[in-house]
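Report on the structure given below.
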Amino acid sequence: MAHMDEFRHSAHRLVTTPKLSYRQRLHQLALLAEDALPYPKLSAEAETALESGLVSDLAEGHAPYRPRYTVPDYSVALREGSEYLELEPATGLEDAITNLQILYHNVPSITSYPVYFGDLDTLLLPYLDDRDDTALDALLTRFWRFLDRTIPDAFAHANIGPTNNRIARSVLRVDAALAQVVPNLTLKYDPTISGDDLLELAATAIAAVNKPHVANHPMISADFPEGYGVVSCYNTLPLGGGSHTLVRLNLKEAAAGFAGDVDRYLDEALPAHAALVFEVIEARVRFLVEEAGFYDHHFLVKEGLLHRDRFTAMFGIFGLTEAIDTLLDGKARYGWDAAANDLADRIIDALARIVDERELPYCRLGRATLHAQSGIGDDVGITAGARVAIGTEPEVLDHIGAVAPHHRRFTSGISDIFALEGSARANPRAIVDVTRGAFAAGMREMTFNVEGCDLVRVTGYMVKLSDIEKWKREGSRVASTVLGAQSVENWGLLGRTPRVISHEDMGQSVTGPMESRPETSRDTIPG
Amino acid sequence: MSRLAPVLSTTRGLVASSLRTSLVDGPGNRHVLFLQGCNFDCTACHNPSTIAVCDDCGLCVGECPLDALSMSEGRVVFHLDRCDGCDICIKVCPSNSSPMAQETSVEQVIDRLRADAAFLSGITITGGEPTLQLDFLIALFTAIKEDPALAGLTTLVDTNGTLSPDGWERLSPVLDGAMVDLKAGTPDLHRTLTGHDVTPVYESIRWLHDHGKLAEVRLLVVEGVTDTDEELTAWAAFVASVSPSIPVRLMAFRHDGTREAARAWPETSGEGLARVRDHLTRAGLTAVSV
């Protein structure tokens, strides 16, 4: 009965926590109930790895009954309508937007909200009429307000590009003008298709609101011939599919005990630890597919917006920088020294090979995909994904030179955030230059934080510094703000490089002891 | 007294430092070279160690805690690999000069540019006063314009405007633009702040404008010094006499890097910059930015 008492106690605290909105309480209660179920059967070793944090499912829950990330092909429903939702095919722009809004409220993911709003220009262009830009901007402004107010979760992500078109330009104008947390935004950029003008418009938006994130379209579309969406924290996933689950390996923990012994780490430790990750992935995928039967019953699958065989499983890693510190005994620093950068490449190559060699049931191409996981607020003293340690990044071109060689290995996404001085606002062309150069150097994705914006990127999603301040007093209607507050506090996240530390922002917003989260709140971490 | 300009072959420059990335030295992302040596000695200079050129007196050599400086055949030699940038050598120098400037060949700069070309809109040479090393500038810019891999890069200088029209004439074929500091509105204040007559600066601005090579004219706004009504009126009158549409950029004065005498002046406020912008705009200048 002790368990039951604990459960009741937790549930009671959840429903009485003033800072949680109604919707947030409902979501937390569902998570609590899910975790009252037993975890899918694992070996004792895998259980120990989960408990110690060597391996983590990022609090996905004990009984997966929805995929972690879904990337529906909304064009199917716009074109053909939806029998389940009793929707006719869209015939005009307002129609198409309304149908999308309806669909969003029926799309599951780990956050309980959709993580992907679609490639909005591609989806809406067939319905664009001859209305002028003023009218188009006004319509998209209303759409944007709807998204931010009804899907208050910054992991929800809209994509535009790679073509330079009227809707993409309108999205960039409207998004920068509104400066909302939602939607997160990615521009798919292809130097042979997009043109400098579109990238320059995006650069101006970045200088204002730190959005959009820019994706190297030729590189990513080569990995996903069926199309892809950029969702949540820089996850690049197949269109019409997504990812069943994300399980990450703590490379820092994995390197413990291997100081100075790189070969044994690569040959013995990594494969053994990876096997534990695969075991957790497989157990979770089997439960989702075989027991929860998501792909048998959900209308998005039946109506062709999702296909089970387009779902991958994400093999996440983080703490690369600390692993290198351990393995090289601090003699060379990742980001700064060739020996450390070379080791980073060797570790990532080894991981990519391990992931390629392991067959997994019910996964796209029978494989998982490697992912540099962007971290969560609770990660203290360990660096997200394959990033250089926060606050010790070298100058931007050296930084790109250090990380670009392994970007192509991260099929399901990698993030490195590049901090720029506020002077970029007067010189957005510089953002264009750095982005183009970065893609030529092999970067998969580019993200900037420009000093002095209220809207900042934390791990991958957006947070308003002013919202964090407000959350400390009274909670936030935006579900992801609490995660952002933790990350800013625990990681000194605004100090990405010595040249661009935003001390003003830190001083005004998040100095002093951060109130702890409600103890009973167990946020699912979208990653 | 130290030399003003280094004596080097035409294909080598005396480079105080360089940046692979700069967002504030012209349009786009730019590679920046800071050349050593300046003929002005401005109170407000934020790179004062680039003014005087090392005269090899050797006083700094014994003071370096990391033995990054040595004497060889009467010259001070700097060992970059041992330096941690503590700048003690500059502090002990009677001329406040940096012995860390490196003789750098055109080829070395070209190699660095080739490596970074995909990330750049161009190169900006500043300092110090870059035009004191005119032969090096011409050789470097010519090499950039002749290299197919670098042909898209623009070449800019950031100058105090004391080069003669003959000098600009020589540089012009390989120069895309000059950003000229006009440090005061009245000749008297210009002499007070820089120690030099303003006439050559006026001549440079006119020459560059007439030949399509004037990228912008800059004013360092020091509140209570360069932003009085009299100063701004005179400043605007001169620029407007050349052309009211010349791009004008206002620079905020900051204490970073400056010497003691400049610290008595306040750092420029946002309101101060806006006030100057409005004043110059009212006076008829049409392209003033902050």
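Residue numbering restarts at 1 in every chain; chains get A, B, ... in the order shown in the structure tokens, and ligands count up from 1 in that same order.
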
Up to 12 Å from chain A, what residues of chain B turn up? Count only C-alpha atoms and give them as a PDB file with N, CA and C atoms, in the first residue's frame.
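Once written, result.pdb looks like this:
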```pdb
ATOM      1  N   LEU B  19      41.472  39.112 -37.174  1.00  0.00           N
ATOM      2  CA  LEU B  19      40.249  38.413 -36.768  1.00  0.00           C
ATOM      3  C   LEU B  19      39.737  37.611 -37.954  1.00  0.00           C
ATOM      4  N   ARG B  20      39.324  36.365 -37.710  1.00  0.00           N
ATOM      5  CA  ARG B  20      38.727  35.580 -38.794  1.00  0.00           C
ATOM      6  C   ARG B  20      37.282  35.983 -39.028  1.00  0.00           C
ATOM      7  N   THR B  21      36.689  36.593 -38.013  1.00  0.00           N
ATOM      8  CA  THR B  21      35.275  36.951 -38.082  1.00  0.00           C
ATOM      9  C   THR B  21      35.056  38.316 -37.457  1.00  0.00           C
ATOM     10  N   SER B  22      34.474  39.225 -38.206  1.00  0.00           N
ATOM     11  CA  SER B  22      34.035  40.483 -37.603  1.00  0.00           C
ATOM     12  C   SER B  22      32.712  40.899 -38.210  1.00  0.00           C
ATOM     13  N   LEU B  23      31.803  41.354 -37.333  1.00  0.00           N
ATOM     14  CA  LEU B  23      30.482  41.798 -37.770  1.00  0.00           C
ATOM     15  C   LEU B  23      30.404  43.317 -37.816  1.00  0.00           C
ATOM     16  N   VAL B  24      31.485  43.993 -37.455  1.00  0.00           N
ATOM     17  CA  VAL B  24      31.395  45.448 -37.266  1.00  0.00           C
ATOM     18  C   VAL B  24      32.399  46.230 -38.109  1.00  0.00           C
ATOM     19  N   ASP B  25      32.984  45.609 -39.112  1.00  0.00           N
ATOM     20  CA  ASP B  25      33.982  46.304 -39.915  1.00  0.00           C
ATOM     21  C   ASP B  25      33.584  46.353 -41.379  1.00  0.00           C
ATOM     22  N   GLY B  26      32.303  46.633 -41.600  1.00  0.00           N
ATOM     23  CA  GLY B  26      31.801  46.714 -42.968  1.00  0.00           C
ATOM     24  C   GLY B  26      30.719  45.685 -43.186  1.00  0.00           C
ATOM     25  N   PRO B  27      30.166  45.651 -44.419  1.00  0.00           N
ATOM     26  CA  PRO B  27      29.020  44.767 -44.678  1.00  0.00           C
ATOM     27  C   PRO B  27      29.400  43.281 -44.654  1.00  0.00           C
ATOM     28  N   GLY B  28      28.553  42.477 -44.009  1.00  0.00           N
ATOM     29  CA  GLY B  28      28.782  41.039 -43.982  1.00  0.00           C
ATOM     30  C   GLY B  28      29.848  40.639 -42.981  1.00  0.00           C
ATOM     31  N   ASN B  29      30.188  39.361 -43.036  1.00  0.00           N
ATOM     32  CA  ASN B  29      31.242  38.841 -42.165  1.00  0.00           C
ATOM     33  C   ASN B  29      32.592  39.128 -42.805  1.00  0.00           C
ATOM     34  N   ARG B  30      33.532  39.687 -42.053  1.00  0.00           N
ATOM     35  CA  ARG B  30      34.779  40.140 -42.666  1.00  0.00           C
ATOM     36  C   ARG B  30      36.003  39.649 -41.901  1.00  0.00           C
ATOM     37  N   HIS B  31      37.015  39.303 -42.664  1.00  0.00           N
ATOM     38  CA  HIS B  31      38.329  39.074 -42.095  1.00  0.00           C
ATOM     39  C   HIS B  31      38.930  40.456 -41.832  1.00  0.00           C
ATOM     40  N   ARG B 112      45.174  32.389 -45.468  1.00  0.00           N
ATOM     41  CA  ARG B 112      44.105  32.439 -44.456  1.00  0.00           C
ATOM     42  C   ARG B 112      42.766  32.757 -45.121  1.00  0.00           C
ATOM     43  N   ALA B 115      41.215  29.769 -46.896  1.00  0.00           N
ATOM     44  CA  ALA B 115      40.615  28.800 -45.978  1.00  0.00           C
ATOM     45  C   ALA B 115      39.219  29.243 -45.546  1.00  0.00           C
ATOM     46  N   ASP B 116      39.009  30.556 -45.449  1.00  0.00           N
ATOM     47  CA  ASP B 116      37.755  31.063 -44.880  1.00  0.00           C
ATOM     48  C   ASP B 116      36.836  31.713 -45.900  1.00  0.00           C
ATOM     49  N   ALA B 117      37.219  31.695 -47.172  1.00  0.00           N
ATOM     50  CA  ALA B 117      36.499  32.496 -48.170  1.00  0.00           C
ATOM     51  C   ALA B 117      34.995  32.223 -48.188  1.00  0.00           C
ATOM     52  N   ALA B 118      34.605  30.961 -47.978  1.00  0.00           N
ATOM     53  CA  ALA B 118      33.174  30.622 -48.057  1.00  0.00           C
ATOM     54  C   ALA B 118      32.363  31.328 -46.985  1.00  0.00           C
ATOM     55  N   PHE B 119      33.033  31.780 -45.916  1.00  0.00           N
ATOM     56  CA  PHE B 119      32.339  32.411 -44.792  1.00  0.00           C
ATOM     57  C   PHE B 119      32.342  33.941 -44.870  1.00  0.00           C
ATOM     58  N   LEU B 120      32.982  34.500 -45.895  1.00  0.00           N
ATOM     59  CA  LEU B 120      33.292  35.942 -45.854  1.00  0.00           C
ATOM     60  C   LEU B 120      32.624  36.736 -46.965  1.00  0.00           C
ATOM     61  N   SER B 121      32.290  37.998 -46.620  1.00  0.00           N
ATOM     62  CA  SER B 121      31.949  38.973 -47.655  1.00  0.00           C
ATOM     63  C   SER B 121      33.199  39.701 -48.122  1.00  0.00           C
ATOM     64  N   GLY B 122      34.198  39.775 -47.256  1.00  0.00           N
ATOM     65  CA  GLY B 122      35.406  40.464 -47.668  1.00  0.00           C
ATOM     66  C   GLY B 122      36.407  40.635 -46.545  1.00  0.00           C
ATOM     67  N   LEU B 153      35.439  38.549 -52.876  1.00  0.00           N
ATOM     68  CA  LEU B 153      35.614  39.286 -51.616  1.00  0.00           C
ATOM     69  C   LEU B 153      35.823  40.774 -51.875  1.00  0.00           C
ATOM     70  N   ARG B 249      28.154  56.839 -40.295  1.00  0.00           N
ATOM     71  CA  ARG B 249      27.950  55.916 -39.173  1.00  0.00           C
ATOM     72  C   ARG B 249      28.445  56.563 -37.890  1.00  0.00           C
ATOM     73  N   MET B 251      29.651  56.184 -34.097  1.00  0.00           N
ATOM     74  CA  MET B 251      30.262  55.164 -33.247  1.00  0.00           C
ATOM     75  C   MET B 251      30.151  55.613 -31.793  1.00  0.00           C
ATOM     76  N   SER B 289      23.412  56.357 -39.825  1.00  0.00           N
ATOM     77  CA  SER B 289      23.021  55.174 -39.062  1.00  0.00           C
ATOM     78  C   SER B 289      23.875  55.069 -37.810  1.00  0.00           C
ATOM     79  N   VAL B 290      23.321  54.302 -36.864  1.00  0.00           N
ATOM     80  CA  VAL B 290      23.981  54.178 -35.565  1.00  0.00           C
ATOM     81  C   VAL B 290      24.645  52.820 -35.478  1.00  0.00           C
TER      82      VAL B 290
END
```

Every residue of segment 160-406 of chain A that DSSP places in strand (DSSP E or B), as JSON, numbers by chain
{"A": [160, 184, 185, 186, 187, 188, 189, 213, 214, 215, 216, 228, 229, 230, 231, 235, 236, 237, 238, 241, 242, 243, 244, 245, 246, 247, 248, 249, 250, 311, 312, 313, 314, 315, 316, 317, 318, 369, 370, 371, 372]}

Name the residues in contact with segment 174-183 of chain A at a cut-off of 8 Å, using only C-alpha atoms, excluding same-chain residues fewer than 5 positions from it; report them as a PyMOL selection string.
chain A and resi 137+140-141+144+147-148+151-158+205-206+208-209+211+455+462-464

Output C-alpha atoms for every residue in the selection just made, as a PDB file, in the first residue's frame.
```
ATOM      1  CA  ASP A 137       0.311  38.564 -43.683  1.00  0.00           C
ATOM      2  CA  LEU A 140      -0.931  34.206 -41.269  1.00  0.00           C
ATOM      3  CA  THR A 141      -0.847  36.540 -38.258  1.00  0.00           C
ATOM      4  CA  TRP A 144       0.278  32.292 -35.801  1.00  0.00           C
ATOM      5  CA  LEU A 147      -0.736  28.278 -32.831  1.00  0.00           C
ATOM      6  CA  ASP A 148       0.897  30.125 -29.958  1.00  0.00           C
ATOM      7  CA  ILE A 151      -0.494  24.822 -28.672  1.00  0.00           C
ATOM      8  CA  PRO A 152       1.594  26.509 -26.000  1.00  0.00           C
ATOM      9  CA  ASP A 153       4.643  24.336 -26.353  1.00  0.00           C
ATOM     10  CA  ALA A 154       7.859  25.513 -27.937  1.00  0.00           C
ATOM     11  CA  PHE A 155       8.779  22.069 -29.256  1.00  0.00           C
ATOM     12  CA  ALA A 156       6.079  22.501 -31.899  1.00  0.00           C
ATOM     13  CA  HIS A 157       7.867  23.310 -35.086  1.00  0.00           C
ATOM     14  CA  ALA A 158       6.939  24.802 -38.469  1.00  0.00           C
ATOM     15  CA  ALA A 205      14.457  37.594 -38.626  1.00  0.00           C
ATOM     16  CA  ILE A 206      17.200  35.734 -36.739  1.00  0.00           C
ATOM     17  CA  ALA A 208      15.310  40.035 -34.239  1.00  0.00           C
ATOM     18  CA  VAL A 209      13.928  36.833 -32.693  1.00  0.00           C
ATOM     19  CA  LYS A 211      14.389  32.246 -35.447  1.00  0.00           C
ATOM     20  CA  LEU A 455      13.356  35.325 -27.332  1.00  0.00           C
ATOM     21  CA  MET A 462      12.450  28.944 -27.704  1.00  0.00           C
ATOM     22  CA  VAL A 463      11.912  30.682 -24.397  1.00  0.00           C
ATOM     23  CA  LYS A 464      11.173  34.310 -23.621  1.00  0.00           C
TER      24      LYS A 464
END
```

Restricting the calculation to only C-alpha atoms, which member of A:Ala207, A:Ile110, A:Leu370, A:Ile376 is positioned closest to Pro67 of chain A?
A:Ile110

Contacts of Pro65 of chain B within 12 Å, only C-alpha atoms, excl. fewer than 5 positions in-chain, as a tab-separated table (two decimals) with C-alpha atoms, in the first residue's frame:
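The result, written out as selection-v1.tsv:
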```tsv
chain	number	residue	atom	x	y	z
B	60	CYS	CA	60.13	44.58	-22.60
B	70	SER	CA	63.96	37.74	-27.03
B	82	ARG	CA	54.70	31.08	-25.69
B	83	CYS	CA	52.48	34.15	-25.35
B	84	ASP	CA	49.33	34.08	-23.23
B	85	GLY	CA	48.31	37.64	-24.08
B	86	CYS	CA	48.98	39.23	-20.66
B	87	ASP	CA	50.11	42.48	-22.36
B	88	ILE	CA	52.78	43.23	-19.73
B	89	CYS	CA	55.15	44.08	-22.60
```

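Distance check against Ala350 of chain A using only C-alpha atoms: of A:Ala202, A:Ala338, A:Leu270, A:Leu327, the minimum falls on A:Leu270.
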
Got a sec to tell me which of segment 170-375 of chain A DSSP assigns to helix (DSSP H, G or I), as number ranges by chain?
A: 170-178, 195-209, 217-223, 251-255, 262-291, 294-297, 299-302, 308-310, 320-327, 338-357, 364-366

Can you measure atom CA of Arg444 of chain A to atom CA of His407 of chain A for me? One decimal in Å is fine.
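Value for the atom CA of Arg444 of chain A-atom CA of His407 of chain A distance: 5.6 Å.
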
Can you tell me which residues surround segment 225-240 of chain A at a distance of at most 9 Å, considering only C-alpha atoms, apart from same-chain residues fewer than 2 positions away, and format the answer as a PyMOL selection string?
chain A and resi 69-74+115-119+154-159+184-186+188+213+215+220-223+242-243+301+304-308+310-312+364+371-374+411-415+445+459-461+526-527

Skipping near chain neighbours, those fewer than 5 positions away, what residues fall within 9 Å of Ile354 of chain A using only C-alpha atoms, listed as a PDB file with C-alpha atoms, in the first residue's frame?
```pdb
ATOM      1  CA  LEU A 270      31.008   1.766 -26.543  1.00  0.00           C
ATOM      2  CA  PRO A 271      29.592  -1.450 -28.041  1.00  0.00           C
ATOM      3  CA  ALA A 274      25.230   0.779 -26.999  1.00  0.00           C
ATOM      4  CA  ASP A 349      32.324   7.407 -36.346  1.00  0.00           C
TER       5      ASP A 349
END
```

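In this model, the gap between atom CA of Ser52 of chain A and atom CA of Gly330 of chain A comes to 24.3 Å.
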
Which residue, B:Val53, B:Ala240, B:Leu171, B:Val76, has the smallest gap to Ala283 of chain B when you use only C-alpha atoms?
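Of the candidates, the smallest distance to Ala283 of chain B is held by B:Ala240.
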
So, with only C-alpha atoms as the atoms that count, which of B:Ile110, B:Glu169, B:Cys64, B:Cys38 lies closest to Ala139 of chain B?
B:Ile110

Leaving out Ala234 of chain B and any residue of its chain fewer than 4 positions from it, which residues lie within 12 Å of it when counting only C-alpha atoms, given as a ChimeraX atom specification?
/B:182-190,226-230,238-241,279-280,283

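We find atom CA of Tyr202 of chain B and atom CA of Ala274 of chain B to be spaced 25.0 Å apart.
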